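What follows is one structure encoded as structure tokens, with my remarks underneath.
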Amino acid sequence: NDTIDAYIQERIIFADQVITKHACTKIGNGDVILTHAKSDVVELILLKAASKGKTFRVIVVDSRPLLEGRALVNKLVSAGIECSYILLNALSYVMMREVTKVFLGAAALMSDGSVLSRVGTGCVALMAHANKIPVLFCCETYKISSRVQLESITGNELGNPDDVVCTSTCAMDHSLDNVNNNNKAKDSVLTDWKDRPNLKLLNLLYDLTPSEYVSGIVTEVGILPPTSVAVLLREMNPQDNDSVFKSG
């Protein structure tokens with residue numbers, strides 16, 4: 001237990017404090033920061049920057065079915081930070097007009113510099129790259145993997161398919177034939193999807209952002225380019241390097 005507590009303290013809690021310190025230097029007065037879903041370390045960064053008196057605005061991009069960004073917006077607004085909340089389908093509008101920097105969290109960092117994160121993150125990074133907006137991923141080094149992943153299907157995680165079934169929050173059917181049907185908002189064409197053999201629901205939880213869409217990775221050892229991840233991995237695990245040479 002002591003070993004686990006020490007690991008959590010050093011590799012997560014202390015690491016997040018150092019990452020926050022590094023990332024705050026990249027936030028300036030007047031910035032419009034965009035983030036996606038909810039990342040604990042990104043939340044710490046934004047709250048810390050605000051506590052230092054920096055004036056900036058945050059755009060939280062969210063997506064169904066998890067809608068994790070709502071919790072982040074609640075925390076930021078409670079701290080007095082000016083926020084906007086949008087869904088992923090409005091991303092291009094704000095990215096082209098307002099955003100100055102993008103801060104994203106990561107679930108895992110691959111050895112080639114690509115990043116595994118909440119599904120939708122790849123779209124955000126791609127759009128930012130197309131508009132020449134810097135994209136910073138904030139990631140503790142314990143999340144670095146020696147794996148190389150080329151796509152988002154093979155090593156992904158599947159959520160409950162029922163989560164993507166439209167619920168009472170779905171858009172209403174405004175056709176004239178159904179104007180007076182008050183139950184339409186609660187119904188969905190996907191409700192009986194299990195009884196339709198030619199229909200499958202896919203609820204992917206993560207996607208992969210290629211390294212070319214990553215401007216920098218903020219870690220507790222500094223802000224690194226994605227090309228330096230493999231070097232950092234070798235420095236962190238020298239025993240693996242020795243075993244490679246010995247096996248040869």
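Residue numbers start at 1 in each chain; chains themselves are named A, B, ... in the order of the structure tokens; ligands are numbered from 1 in the order shown.
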
Give me, as a PyMOL selection string, all polymer residues having an atom no more than 8 Å from Gly122 in chain A, counting only C-alpha atoms and skipping those fewer than 2 positions away in the same chain.
chain A and resi 117+119-120+124-126+207-210

Would you mind writing down, as a count of residues only, each residue of range 18-172 of chain A that DSSP on the backbone assigns to helix (DSSP H, G or I)?
56

Per residue of range 212-233 of chain A within 9 Å of range 22-40 of chain A, record the nearest atom pair and its distance in Å to one decimal, counting only C-alpha atoms, with rows in chain order and ascending residue number, as CSV.
residue,atom,partner,partner_atom,distance
A:Val218,CA,A:Ala23,CA,6.6
A:Thr219,CA,A:His22,CA,8.1
A:Glu220,CA,A:His22,CA,7.9
A:Gly222,CA,A:His22,CA,6.8
A:Ile223,CA,A:His22,CA,7.2

May I have the residues from that selection written out with N, CA, C and O atoms, as a PDB file, in the first residue's frame?
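Printed below is part-v1.pdb as written:
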ATOM      1  N   VAL A 218       2.698  18.277 -22.996  1.00  0.00           N
ATOM      2  CA  VAL A 218       3.102  18.846 -21.713  1.00  0.00           C
ATOM      3  C   VAL A 218       3.175  17.718 -20.690  1.00  0.00           C
ATOM      4  O   VAL A 218       2.153  17.109 -20.340  1.00  0.00           O
ATOM      5  N   THR A 219       4.379  17.418 -20.211  1.00  0.00           N
ATOM      6  CA  THR A 219       4.591  16.382 -19.205  1.00  0.00           C
ATOM      7  C   THR A 219       5.281  16.994 -18.002  1.00  0.00           C
ATOM      8  O   THR A 219       5.670  18.165 -18.014  1.00  0.00           O
ATOM      9  N   GLU A 220       5.482  16.185 -16.963  1.00  0.00           N
ATOM     10  CA  GLU A 220       6.171  16.692 -15.779  1.00  0.00           C
ATOM     11  C   GLU A 220       7.661  16.905 -16.010  1.00  0.00           C
ATOM     12  O   GLU A 220       8.332  17.528 -15.193  1.00  0.00           O
ATOM     13  N   GLY A 222       8.683  18.429 -18.811  1.00  0.00           N
ATOM     14  CA  GLY A 222       8.762  19.561 -19.723  1.00  0.00           C
ATOM     15  C   GLY A 222       7.781  19.435 -20.870  1.00  0.00           C
ATOM     16  O   GLY A 222       7.004  18.477 -20.945  1.00  0.00           O
ATOM     17  N   ILE A 223       7.825  20.415 -21.753  1.00  0.00           N
ATOM     18  CA  ILE A 223       6.981  20.400 -22.951  1.00  0.00           C
ATOM     19  C   ILE A 223       7.803  19.824 -24.092  1.00  0.00           C
ATOM     20  O   ILE A 223       8.833  20.377 -24.483  1.00  0.00           O
TER      21      ILE A 223
END

Restricting the calculation to only C-alpha atoms, which member of A:Tyr93, A:Tyr85, A:Phe103, A:Tyr206 is positioned closest to Leu44 in chain A?
A:Phe103

For Val18 in chain A, the closest of A:Val221, A:Lys200, A:Lys48, A:Leu116 counting only C-alpha atoms is A:Val221

Counting only C-alpha atoms, which of A:Ser228, A:Ile86, A:Leu109, A:Val214 gets nearest to Tyr142 in chain A?
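Closest to Tyr142 in chain A of all the choices is A:Leu109.
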
Neighbour list for Leu233 in chain A as JSON, numbers by chain, cut-off 9 Å, only C-alpha atoms, skip fewer than 3 positions in-chain
{"A": [111, 141, 144, 145, 146, 228, 229, 230, 236, 237, 238]}

Name the residues of range 131-163 of chain A that fall into strand (DSSP E) according to DSSP on the backbone, using the chain letters and numbers of this document, as a VMD selection string.
chain A and resid 135 to 138

Residue with the minimum atom-to-atom distance to Gly69 in chain A, picked from A:Glu82, A:Asp195, A:Glu235, A:Glu43 with only C-alpha atoms counted, is A:Glu43

Could you list, as a ChimeraX atom specification, every residue within 10 Å of Ile13 in chain A, counting only C-alpha atoms and ignoring same-chain residues fewer than 6 positions away?
/A:6-7,19,41,140

File dump, residues just selected, N, CA, C and O atoms, as a PDB file, in the first residue's frame:
ATOM      1  N   ALA A   6       2.884   5.982  -2.734  1.00  0.00           N
ATOM      2  CA  ALA A   6       4.042   6.756  -3.192  1.00  0.00           C
ATOM      3  C   ALA A   6       4.000   6.951  -4.702  1.00  0.00           C
ATOM      4  O   ALA A   6       4.326   8.029  -5.215  1.00  0.00           O
ATOM      5  N   TYR A   7       3.578   5.912  -5.418  1.00  0.00           N
ATOM      6  CA  TYR A   7       3.472   6.006  -6.880  1.00  0.00           C
ATOM      7  C   TYR A   7       2.426   7.044  -7.273  1.00  0.00           C
ATOM      8  O   TYR A   7       2.666   7.892  -8.141  1.00  0.00           O
ATOM      9  N   ILE A  19       2.964  19.672 -14.408  1.00  0.00           N
ATOM     10  CA  ILE A  19       2.357  19.892 -15.725  1.00  0.00           C
ATOM     11  C   ILE A  19       1.580  21.194 -15.740  1.00  0.00           C
ATOM     12  O   ILE A  19       1.646  21.977 -16.694  1.00  0.00           O
ATOM     13  N   VAL A  41      -6.389  17.012 -15.600  1.00  0.00           N
ATOM     14  CA  VAL A  41      -5.195  17.854 -15.609  1.00  0.00           C
ATOM     15  C   VAL A  41      -5.460  19.162 -16.359  1.00  0.00           C
ATOM     16  O   VAL A  41      -4.971  20.230 -15.962  1.00  0.00           O
ATOM     17  N   GLU A 140       0.671  12.834 -18.157  1.00  0.00           N
ATOM     18  CA  GLU A 140       1.701  12.349 -17.233  1.00  0.00           C
ATOM     19  C   GLU A 140       2.525  11.252 -17.926  1.00  0.00           C
ATOM     20  O   GLU A 140       2.012  10.517 -18.769  1.00  0.00           O
TER      21      GLU A 140
END

Find the distance between CA of His129 in chain A and CA of Gly155 in chain A and write it in Å to one decimal.
24.6 Å

For the atom pair CA of Leu204 in chain A and CA of Gly159 in chain A, what is the interatomic distance in Å to one decimal place?
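Atom-to-atom, CA of Leu204 in chain A to CA of Gly159 in chain A, that is 6.1 Å.
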